[in-house]
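Trainee: Structure file query-v3.pdb (PDB, C-alpha atoms, pLDDT in the B column) is given on the next line.
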```pdb
ATOM      1  CA  MET A   1    -102.302 -76.374-151.867  1.00 45.00           C
ATOM      2  CA  ARG A   2    -102.268 -72.604-152.300  1.00 46.00           C
ATOM      3  CA  LYS A   3     -99.124 -71.374-154.017  1.00 41.00           C
ATOM      4  CA  ILE A   4     -97.763 -68.103-152.600  1.00 43.00           C
ATOM      5  CA  LEU A   5     -96.134 -66.745-155.713  1.00 41.00           C
ATOM      6  CA  PHE A   6     -93.774 -63.747-155.795  1.00 39.00           C
ATOM      7  CA  VAL A   7     -94.541 -62.873-152.189  1.00 40.00           C
ATOM      8  CA  PHE A   8     -91.700 -63.878-150.025  1.00 31.00           C
ATOM      9  CA  GLY A   9     -90.497 -62.416-147.446  1.00 28.00           C
ATOM     10  CA  PHE A  10    -125.072 -44.384-140.643  1.00 22.00           C
ATOM     11  CA  ILE A  11    -126.138 -42.141-140.962  1.00 22.00           C
ATOM     12  CA  PHE A  12    -125.544 -38.874-142.835  1.00 23.00           C
ATOM     13  CA  LEU A  13    -122.762 -36.862-141.166  1.00 24.00           C
ATOM     14  CA  THR A  14    -121.620 -39.945-139.297  1.00 26.00           C
ATOM     15  CA  LEU A  15    -119.964 -42.209-141.821  1.00 29.00           C
ATOM     16  CA  SER A  16    -117.049 -41.528-144.092  1.00 28.00           C
ATOM     17  CA  ALA A  17    -115.548 -43.201-147.089  1.00 30.00           C
ATOM     18  CA  CYS A  18    -112.150 -43.930-145.662  1.00 32.00           C
ATOM     19  CA  SER A  19    -109.543 -43.236-143.057  1.00 32.00           C
ATOM     20  CA  VAL A  20    -106.123 -44.487-144.008  1.00 35.00           C
ATOM     21  CA  PHE A  21    -105.945 -44.711-147.774  1.00 35.00           C
ATOM     22  CA  TYR A  22    -102.999 -45.331-150.056  1.00 39.00           C
ATOM     23  CA  ASP A  23    -102.812 -45.541-153.815  1.00 48.00           C
ATOM     24  CA  ASP A  24     -99.305 -45.910-155.194  1.00 59.00           C
ATOM     25  CA  THR A  25    -100.088 -47.035-158.726  1.00 64.00           C
ATOM     26  CA  LYS A  26     -96.864 -47.302-160.687  1.00 68.00           C
ATOM     27  CA  GLU A  27     -96.304 -47.903-164.346  1.00 62.00           C
ATOM     28  CA  VAL A  28     -92.954 -48.603-165.998  1.00 61.00           C
ATOM     29  CA  GLY A  29     -93.478 -47.695-169.627  1.00 61.00           C
ATOM     30  CA  PRO A  30     -93.798 -48.123-172.416  1.00 70.00           C
ATOM     31  CA  LEU A  31     -96.130 -51.013-171.710  1.00 80.00           C
ATOM     32  CA  PRO A  32     -95.818 -53.979-174.093  1.00 84.00           C
ATOM     33  CA  GLU A  33     -98.593 -55.220-176.334  1.00 88.00           C
ATOM     34  CA  LEU A  34    -100.183 -58.307-174.782  1.00 92.00           C
ATOM     35  CA  THR A  35    -102.534 -60.833-176.319  1.00 92.00           C
ATOM     36  CA  CYS A  36    -103.561 -62.054-172.864  1.00 96.00           C
ATOM     37  CA  VAL A  37    -102.801 -61.817-169.154  1.00 97.00           C
ATOM     38  CA  ALA A  38    -102.649 -64.818-166.821  1.00 98.00           C
ATOM     39  CA  VAL A  39    -104.505 -63.988-163.593  1.00 98.00           C
ATOM     40  CA  LEU A  40    -103.304 -65.924-160.553  1.00 97.00           C
ATOM     41  CA  PRO A  41    -105.395 -66.890-157.527  1.00 97.00           C
ATOM     42  CA  THR A  42    -105.216 -64.256-154.791  1.00 97.00           C
ATOM     43  CA  GLY A  43    -102.270 -64.903-152.476  1.00 94.00           C
ATOM     44  CA  ILE A  44    -101.267 -64.161-148.885  1.00 91.00           C
ATOM     45  CA  PRO A  45     -97.783 -62.840-147.944  1.00 87.00           C
ATOM     46  CA  VAL A  46     -95.672 -65.634-146.498  1.00 76.00           C
ATOM     47  CA  ALA A  47     -93.773 -63.252-144.240  1.00 64.00           C
ATOM     48  CA  GLU A  48     -96.934 -62.255-142.366  1.00 60.00           C
ATOM     49  CA  LYS A  49     -98.237 -65.754-141.647  1.00 58.00           C
ATOM     50  CA  GLY A  50     -96.192 -66.307-138.506  1.00 65.00           C
ATOM     51  CA  SER A  51     -97.471 -63.155-136.825  1.00 76.00           C
ATOM     52  CA  LEU A  52    -101.156 -63.819-137.452  1.00 79.00           C
ATOM     53  CA  SER A  53    -103.651 -65.427-135.119  1.00 83.00           C
ATOM     54  CA  ALA A  54    -105.751 -68.377-136.273  1.00 86.00           C
ATOM     55  CA  ALA A  55    -108.756 -66.062-136.675  1.00 86.00           C
ATOM     56  CA  GLN A  56    -106.737 -63.591-138.764  1.00 85.00           C
ATOM     57  CA  LYS A  57    -105.447 -66.378-140.997  1.00 89.00           C
ATOM     58  CA  LYS A  58    -108.957 -67.691-141.539  1.00 92.00           C
ATOM     59  CA  SER A  59    -110.193 -64.193-142.340  1.00 92.00           C
ATOM     60  CA  LEU A  60    -107.433 -63.726-144.928  1.00 94.00           C
ATOM     61  CA  ILE A  61    -108.142 -67.108-146.528  1.00 94.00           C
ATOM     62  CA  ASP A  62    -111.852 -66.279-146.687  1.00 95.00           C
ATOM     63  CA  GLY A  63    -110.867 -62.968-148.242  1.00 96.00           C
ATOM     64  CA  THR A  64    -108.780 -64.620-150.969  1.00 96.00           C
ATOM     65  CA  VAL A  65    -111.724 -66.832-151.905  1.00 97.00           C
ATOM     66  CA  PHE A  66    -113.960 -63.773-152.151  1.00 97.00           C
ATOM     67  CA  PHE A  67    -111.393 -61.812-154.177  1.00 98.00           C
ATOM     68  CA  ASP A  68    -111.123 -64.696-156.639  1.00 98.00           C
ATOM     69  CA  SER A  69    -114.905 -64.626-157.068  1.00 98.00           C
ATOM     70  CA  VAL A  70    -114.778 -60.887-157.829  1.00 98.00           C
ATOM     71  CA  MET A  71    -112.065 -61.529-160.423  1.00 97.00           C
ATOM     72  CA  ILE A  72    -114.326 -64.087-162.084  1.00 97.00           C
ATOM     73  CA  ASP A  73    -117.192 -61.584-162.106  1.00 97.00           C
ATOM     74  CA  GLU A  74    -115.049 -58.837-163.605  1.00 96.00           C
ATOM     75  CA  LEU A  75    -112.736 -60.763-165.941  1.00 96.00           C
ATOM     76  CA  GLY A  76    -114.169 -64.265-166.377  1.00 93.00           C
ATOM     77  CA  ASP A  77    -116.014 -63.610-169.630  1.00 94.00           C
ATOM     78  CA  ARG A  78    -113.131 -61.807-171.337  1.00 95.00           C
ATOM     79  CA  SER A  79    -110.869 -63.892-173.570  1.00 94.00           C
ATOM     80  CA  GLU A  80    -107.785 -61.738-172.962  1.00 95.00           C
ATOM     81  CA  TYR A  81    -107.688 -62.850-169.332  1.00 97.00           C
ATOM     82  CA  LYS A  82    -106.788 -66.413-168.367  1.00 97.00           C
ATOM     83  CA  LEU A  83    -107.933 -66.958-164.785  1.00 98.00           C
ATOM     84  CA  LEU A  84    -106.048 -69.779-163.112  1.00 97.00           C
ATOM     85  CA  THR A  85    -107.489 -71.917-160.338  1.00 95.00           C
ATOM     86  CA  GLU A  86    -105.298 -73.213-157.540  1.00 92.00           C
ATOM     87  CA  ASN A  87    -105.382 -76.718-159.034  1.00 93.00           C
ATOM     88  CA  ARG A  88    -104.343 -75.413-162.451  1.00 94.00           C
ATOM     89  CA  LEU A  89    -101.540 -73.405-160.908  1.00 92.00           C
ATOM     90  CA  ASP A  90    -100.383 -76.445-158.935  1.00 89.00           C
ATOM     91  CA  ALA A  91    -100.256 -78.442-162.168  1.00 91.00           C
ATOM     92  CA  ILE A  92     -98.245 -75.741-163.955  1.00 92.00           C
ATOM     93  CA  LEU A  93     -95.750 -75.216-161.142  1.00 88.00           C
ATOM     94  CA  GLY A  94     -94.292 -78.670-160.708  1.00 77.00           C
ATOM     95  CA  ASP A  95     -91.492 -77.099-158.682  1.00 71.00           C
ATOM     96  CA  PRO A  96     -93.001 -74.208-156.668  1.00 62.00           C
ATOM     97  CA  TRP A  97     -89.531 -73.185-155.491  1.00 68.00           C
ATOM     98  CA  GLY A  98     -88.050 -72.954-158.956  1.00 69.00           C
ATOM     99  CA  GLY A  99     -87.526 -69.205-158.689  1.00 81.00           C
ATOM    100  CA  ARG A 100     -89.666 -66.259-159.700  1.00 82.00           C
ATOM    101  CA  LEU A 101     -88.495 -65.983-163.300  1.00 85.00           C
ATOM    102  CA  GLN A 102     -88.928 -69.703-163.928  1.00 88.00           C
ATOM    103  CA  GLN A 103     -92.387 -69.609-162.362  1.00 90.00           C
ATOM    104  CA  VAL A 104     -93.669 -66.800-164.560  1.00 92.00           C
ATOM    105  CA  ARG A 105     -92.135 -68.418-167.640  1.00 93.00           C
ATOM    106  CA  ASP A 106     -93.841 -71.725-166.831  1.00 94.00           C
ATOM    107  CA  ILE A 107     -97.147 -69.889-166.439  1.00 95.00           C
ATOM    108  CA  GLY A 108     -96.586 -67.996-169.663  1.00 96.00           C
ATOM    109  CA  SER A 109     -95.763 -71.194-171.529  1.00 95.00           C
ATOM    110  CA  ALA A 110     -98.877 -72.960-170.200  1.00 96.00           C
ATOM    111  CA  THR A 111    -101.277 -70.088-170.924  1.00 97.00           C
ATOM    112  CA  GLY A 112     -99.705 -68.416-173.948  1.00 96.00           C
ATOM    113  CA  CYS A 113     -99.820 -65.077-172.109  1.00 97.00           C
ATOM    114  CA  GLY A 114     -97.074 -62.475-172.002  1.00 96.00           C
ATOM    115  CA  ALA A 115     -97.681 -61.318-168.441  1.00 96.00           C
ATOM    116  CA  VAL A 116     -98.930 -62.540-165.069  1.00 96.00           C
ATOM    117  CA  LEU A 117    -101.229 -60.541-162.771  1.00 97.00           C
ATOM    118  CA  GLN A 118    -100.716 -61.276-159.078  1.00 95.00           C
ATOM    119  CA  THR A 119    -102.991 -59.994-156.288  1.00 97.00           C
ATOM    120  CA  THR A 120    -101.800 -60.225-152.680  1.00 96.00           C
ATOM    121  CA  LEU A 121    -104.266 -59.757-149.826  1.00 96.00           C
ATOM    122  CA  LYS A 122    -102.508 -58.270-146.802  1.00 94.00           C
ATOM    123  CA  ARG A 123    -105.433 -57.428-144.517  1.00 94.00           C
ATOM    124  CA  TYR A 124    -109.094 -58.433-144.495  1.00 95.00           C
ATOM    125  CA  ARG A 125    -110.974 -57.462-141.339  1.00 91.00           C
ATOM    126  CA  ASP A 126    -114.749 -57.468-141.273  1.00 86.00           C
ATOM    127  CA  ARG A 127    -116.951 -54.864-139.658  1.00 79.00           C
ATOM    128  CA  VAL A 128    -118.077 -55.411-136.078  1.00 65.00           C
ATOM    129  CA  GLY A 129    -121.564 -53.972-135.769  1.00 63.00           C
ATOM    130  CA  SER A 130    -124.281 -53.017-138.221  1.00 56.00           C
ATOM    131  CA  GLU A 131    -124.486 -50.871-141.334  1.00 56.00           C
ATOM    132  CA  MET A 132    -125.698 -47.984-139.168  1.00 59.00           C
ATOM    133  CA  SER A 133    -123.454 -48.388-136.146  1.00 60.00           C
ATOM    134  CA  ALA A 134    -120.084 -50.148-136.220  1.00 55.00           C
ATOM    135  CA  GLU A 135    -117.877 -50.757-133.202  1.00 61.00           C
ATOM    136  CA  THR A 136    -114.990 -51.691-135.487  1.00 78.00           C
ATOM    137  CA  PRO A 137    -114.938 -50.702-139.175  1.00 82.00           C
ATOM    138  CA  ALA A 138    -114.077 -53.011-142.037  1.00 87.00           C
ATOM    139  CA  SER A 139    -110.475 -52.780-143.182  1.00 91.00           C
ATOM    140  CA  VAL A 140    -108.909 -54.164-146.370  1.00 96.00           C
ATOM    141  CA  ALA A 141    -105.417 -53.906-147.831  1.00 96.00           C
ATOM    142  CA  PHE A 142    -104.043 -55.547-150.957  1.00 97.00           C
ATOM    143  CA  SER A 143    -101.515 -55.033-153.720  1.00 96.00           C
ATOM    144  CA  MET A 144    -101.470 -56.000-157.392  1.00 96.00           C
ATOM    145  CA  SER A 145     -98.548 -56.414-159.768  1.00 95.00           C
ATOM    146  CA  LEU A 146     -98.189 -57.263-163.444  1.00 95.00           C
ATOM    147  CA  VAL A 147     -95.058 -59.267-164.202  1.00 94.00           C
ATOM    148  CA  SER A 148     -93.471 -59.775-167.606  1.00 93.00           C
ATOM    149  CA  VAL A 149     -93.127 -63.413-168.616  1.00 93.00           C
ATOM    150  CA  GLU A 150     -90.099 -62.710-170.789  1.00 89.00           C
ATOM    151  CA  GLN A 151     -88.047 -60.709-168.289  1.00 86.00           C
ATOM    152  CA  GLY A 152     -89.666 -61.431-164.932  1.00 87.00           C
ATOM    153  CA  VAL A 153     -89.854 -57.736-164.095  1.00 88.00           C
ATOM    154  CA  THR A 154     -92.848 -55.878-162.682  1.00 91.00           C
ATOM    155  CA  PHE A 155     -93.990 -53.219-165.132  1.00 90.00           C
ATOM    156  CA  TRP A 156     -97.229 -52.162-163.403  1.00 94.00           C
ATOM    157  CA  SER A 157     -98.281 -52.222-159.766  1.00 94.00           C
ATOM    158  CA  THR A 158    -100.886 -50.713-157.490  1.00 95.00           C
ATOM    159  CA  SER A 159    -102.191 -51.026-153.943  1.00 95.00           C
ATOM    160  CA  PHE A 160    -105.283 -50.389-151.842  1.00 95.00           C
ATOM    161  CA  ASP A 161    -105.365 -49.799-148.081  1.00 94.00           C
ATOM    162  CA  GLU A 162    -108.576 -48.545-146.526  1.00 90.00           C
ATOM    163  CA  SER A 163    -110.379 -48.533-143.202  1.00 84.00           C
ATOM    164  CA  GLN A 164    -113.689 -46.771-142.843  1.00 70.00           C
ATOM    165  CA  LYS A 165    -114.016 -43.880-140.457  1.00 63.00           C
ATOM    166  CA  ALA A 166    -116.698 -41.486-139.251  1.00 52.00           C
ATOM    167  CA  LEU A 167    -117.426 -38.748-141.765  1.00 43.00           C
ATOM    168  CA  PHE A 168    -116.808 -35.962-139.272  1.00 48.00           C
ATOM    169  CA  ASP A 169    -113.255 -37.330-138.923  1.00 51.00           C
ATOM    170  CA  ASP A 170    -112.698 -37.144-142.684  1.00 52.00           C
ATOM    171  CA  ILE A 171    -115.028 -34.569-144.232  1.00 45.00           C
ATOM    172  CA  PHE A 172    -113.139 -34.644-147.532  1.00 44.00           C
ATOM    173  CA  SER A 173    -114.491 -38.147-148.209  1.00 60.00           C
ATOM    174  CA  PHE A 174    -118.072 -36.950-148.584  1.00 52.00           C
ATOM    175  CA  THR A 175    -118.399 -37.899-152.291  1.00 59.00           C
ATOM    176  CA  LYS A 176    -117.240 -41.470-151.773  1.00 61.00           C
ATOM    177  CA  ALA A 177    -119.376 -41.854-148.641  1.00 56.00           C
ATOM    178  CA  GLN A 178    -122.391 -40.604-150.576  1.00 54.00           C
ATOM    179  CA  LYS A 179    -121.716 -43.121-153.355  1.00 63.00           C
ATOM    180  CA  ARG A 180    -121.588 -45.903-150.766  1.00 58.00           C
ATOM    181  CA  GLY A 181    -124.895 -44.886-149.221  1.00 52.00           C
ATOM    182  CA  PHE A 182    -123.506 -43.396-145.990  1.00 55.00           C
ATOM    183  CA  LYS A 183    -123.263 -46.797-144.338  1.00 74.00           C
ATOM    184  CA  TRP A 184    -120.614 -48.915-142.716  1.00 79.00           C
ATOM    185  CA  LEU A 185    -119.453 -51.419-145.312  1.00 86.00           C
ATOM    186  CA  SER A 186    -118.680 -55.091-144.769  1.00 89.00           C
ATOM    187  CA  ALA A 187    -115.209 -56.383-145.670  1.00 93.00           C
ATOM    188  CA  GLN A 188    -116.706 -57.913-148.829  1.00 95.00           C
ATOM    189  CA  GLU A 189    -118.241 -54.603-149.894  1.00 93.00           C
ATOM    190  CA  LEU A 190    -115.054 -52.672-149.173  1.00 93.00           C
ATOM    191  CA  GLY A 191    -112.897 -55.301-150.872  1.00 95.00           C
ATOM    192  CA  ARG A 192    -115.084 -55.419-153.980  1.00 96.00           C
ATOM    193  CA  ASP A 193    -115.104 -51.624-154.196  1.00 92.00           C
ATOM    194  CA  GLY A 194    -111.317 -51.473-153.878  1.00 94.00           C
ATOM    195  CA  LEU A 195    -110.628 -54.275-156.347  1.00 97.00           C
ATOM    196  CA  LYS A 196    -112.979 -52.870-158.978  1.00 95.00           C
ATOM    197  CA  SER A 197    -111.419 -49.425-158.613  1.00 93.00           C
ATOM    198  CA  ARG A 198    -107.931 -50.844-159.173  1.00 95.00           C
ATOM    199  CA  LEU A 199    -109.024 -52.879-162.175  1.00 95.00           C
ATOM    200  CA  GLN A 200    -110.395 -49.706-163.705  1.00 93.00           C
ATOM    201  CA  GLU A 201    -106.855 -48.302-163.477  1.00 91.00           C
ATOM    202  CA  PHE A 202    -105.302 -51.435-164.965  1.00 93.00           C
ATOM    203  CA  PRO A 203    -103.805 -50.380-168.342  1.00 89.00           C
ATOM    204  CA  TYR A 204    -105.247 -53.387-170.183  1.00 90.00           C
ATOM    205  CA  PHE A 205    -108.698 -53.455-168.558  1.00 87.00           C
ATOM    206  CA  ASN A 206    -110.387 -50.987-170.915  1.00 76.00           C
ATOM    207  CA  LYS A 207    -108.381 -51.941-173.983  1.00 59.00           C
ATOM    208  CA  GLU A 208    -111.323 -53.405-175.901  1.00 52.00           C
ATOM    209  CA  GLU A 209    -113.463 -50.348-175.238  1.00 47.00           C
ATOM    210  CA  ALA A 210    -110.690 -48.031-176.419  1.00 43.00           C
ATOM    211  CA  GLU A 211    -110.341 -49.984-179.640  1.00 46.00           C
TER     212      GLU A 211
END
```
Output the file's structure as structure tokens, nothing else.
Mentor:
Amino acid sequence: MRKILFVFGFIFLTLSACSVFYDDTKEVGPLPELTCVAVLPTGIPVAEKGSLSAAQKKSLIDGTVFFDSVMIDELGDRSEYKLLTENRLDAILGDPWGGRLQQVRDIGSATGCGAVLQTTLKRYRDRVGSEMSAETPASVAFSMSLVSVEQGVTFWSTSFDESQKALFDDIFSFTKAQKRGFKWLSAQELGRDGLKSRLQEFPYFNKEEAE
């Protein structure tokens, strides 16, 4: 059973990098020293489930599976990140409704980590059409938050919300479109690009390199 934690409630001159795009990275400093971060399976907002069609729900679930695979690719071989599977999380959270603070403390106790990283996938819509001509562009939106085990407060958060759009509708996105090969991306490609960009901003991601 998937635990929903913390979330209540083609051509050149034709393709752009993005249309709607938000980045509201927030950091409440000073950030604490952490020996490790517990990374939870990607979740889906409970509040949005009732308004989604069966196809939209399936798309979101498929998206969470893909996001988890990207997390493994990016963080799986690094000892300072403890990636939790759904089964492991189920085992840790004997009472999934025990409250947010109790949940993060249980996770911290089980992993020995001082913080929990939660990713919530809010939209995951695949492209309709080909790389060169899309009737409907891919669209992905997610948020990430880092929660203190000791206090239960969020001390870093970020979000990503992007839908591709024709380059002539957004000429300022030329550099990103060029990097992406001037093609219409799939939801997986857009999601991977967004997730990797947010991990690069994560204050603990490049810690080893800095040291």
Trainee: Using CA of Gly191 in chain A and CA of Val140 in chain A as the two end points, give the distance in Å to one decimal.
Mentor: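 Here the two named atoms are 6.1 Å from each other.
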Trainee: What is the CA of Leu31 in chain A-CA of Ser143 in chain A distance in Å, reported with one decimal?
Mentor: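 A separation of 19.2 Å between them.
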Trainee: Find the residue from A:Leu121, A:Pro32, A:Asn206, A:Gly108 that sits nearest to Thr64 in chain A; use all atoms listed in the file when measuring.
Mentor: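 Distance minimum relative to Thr64 in chain A lands on A:Leu121.
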Trainee: Just how far from CA of Phe142 in chain A is CA of Lys122 in chain A, in Å to one decimal?
Mentor: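 Answer for the CA of Lys122 in chain A to CA of Phe142 in chain A separation: 5.2 Å.
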Trainee: So, counting all atoms listed in the file, which residue among A:Gln188, A:Tyr124, A:Phe205, A:Asn87 is closest to Val37 in chain A?
Mentor: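 Closest to Val37 in chain A, using all atoms listed in the file: A:Phe205.
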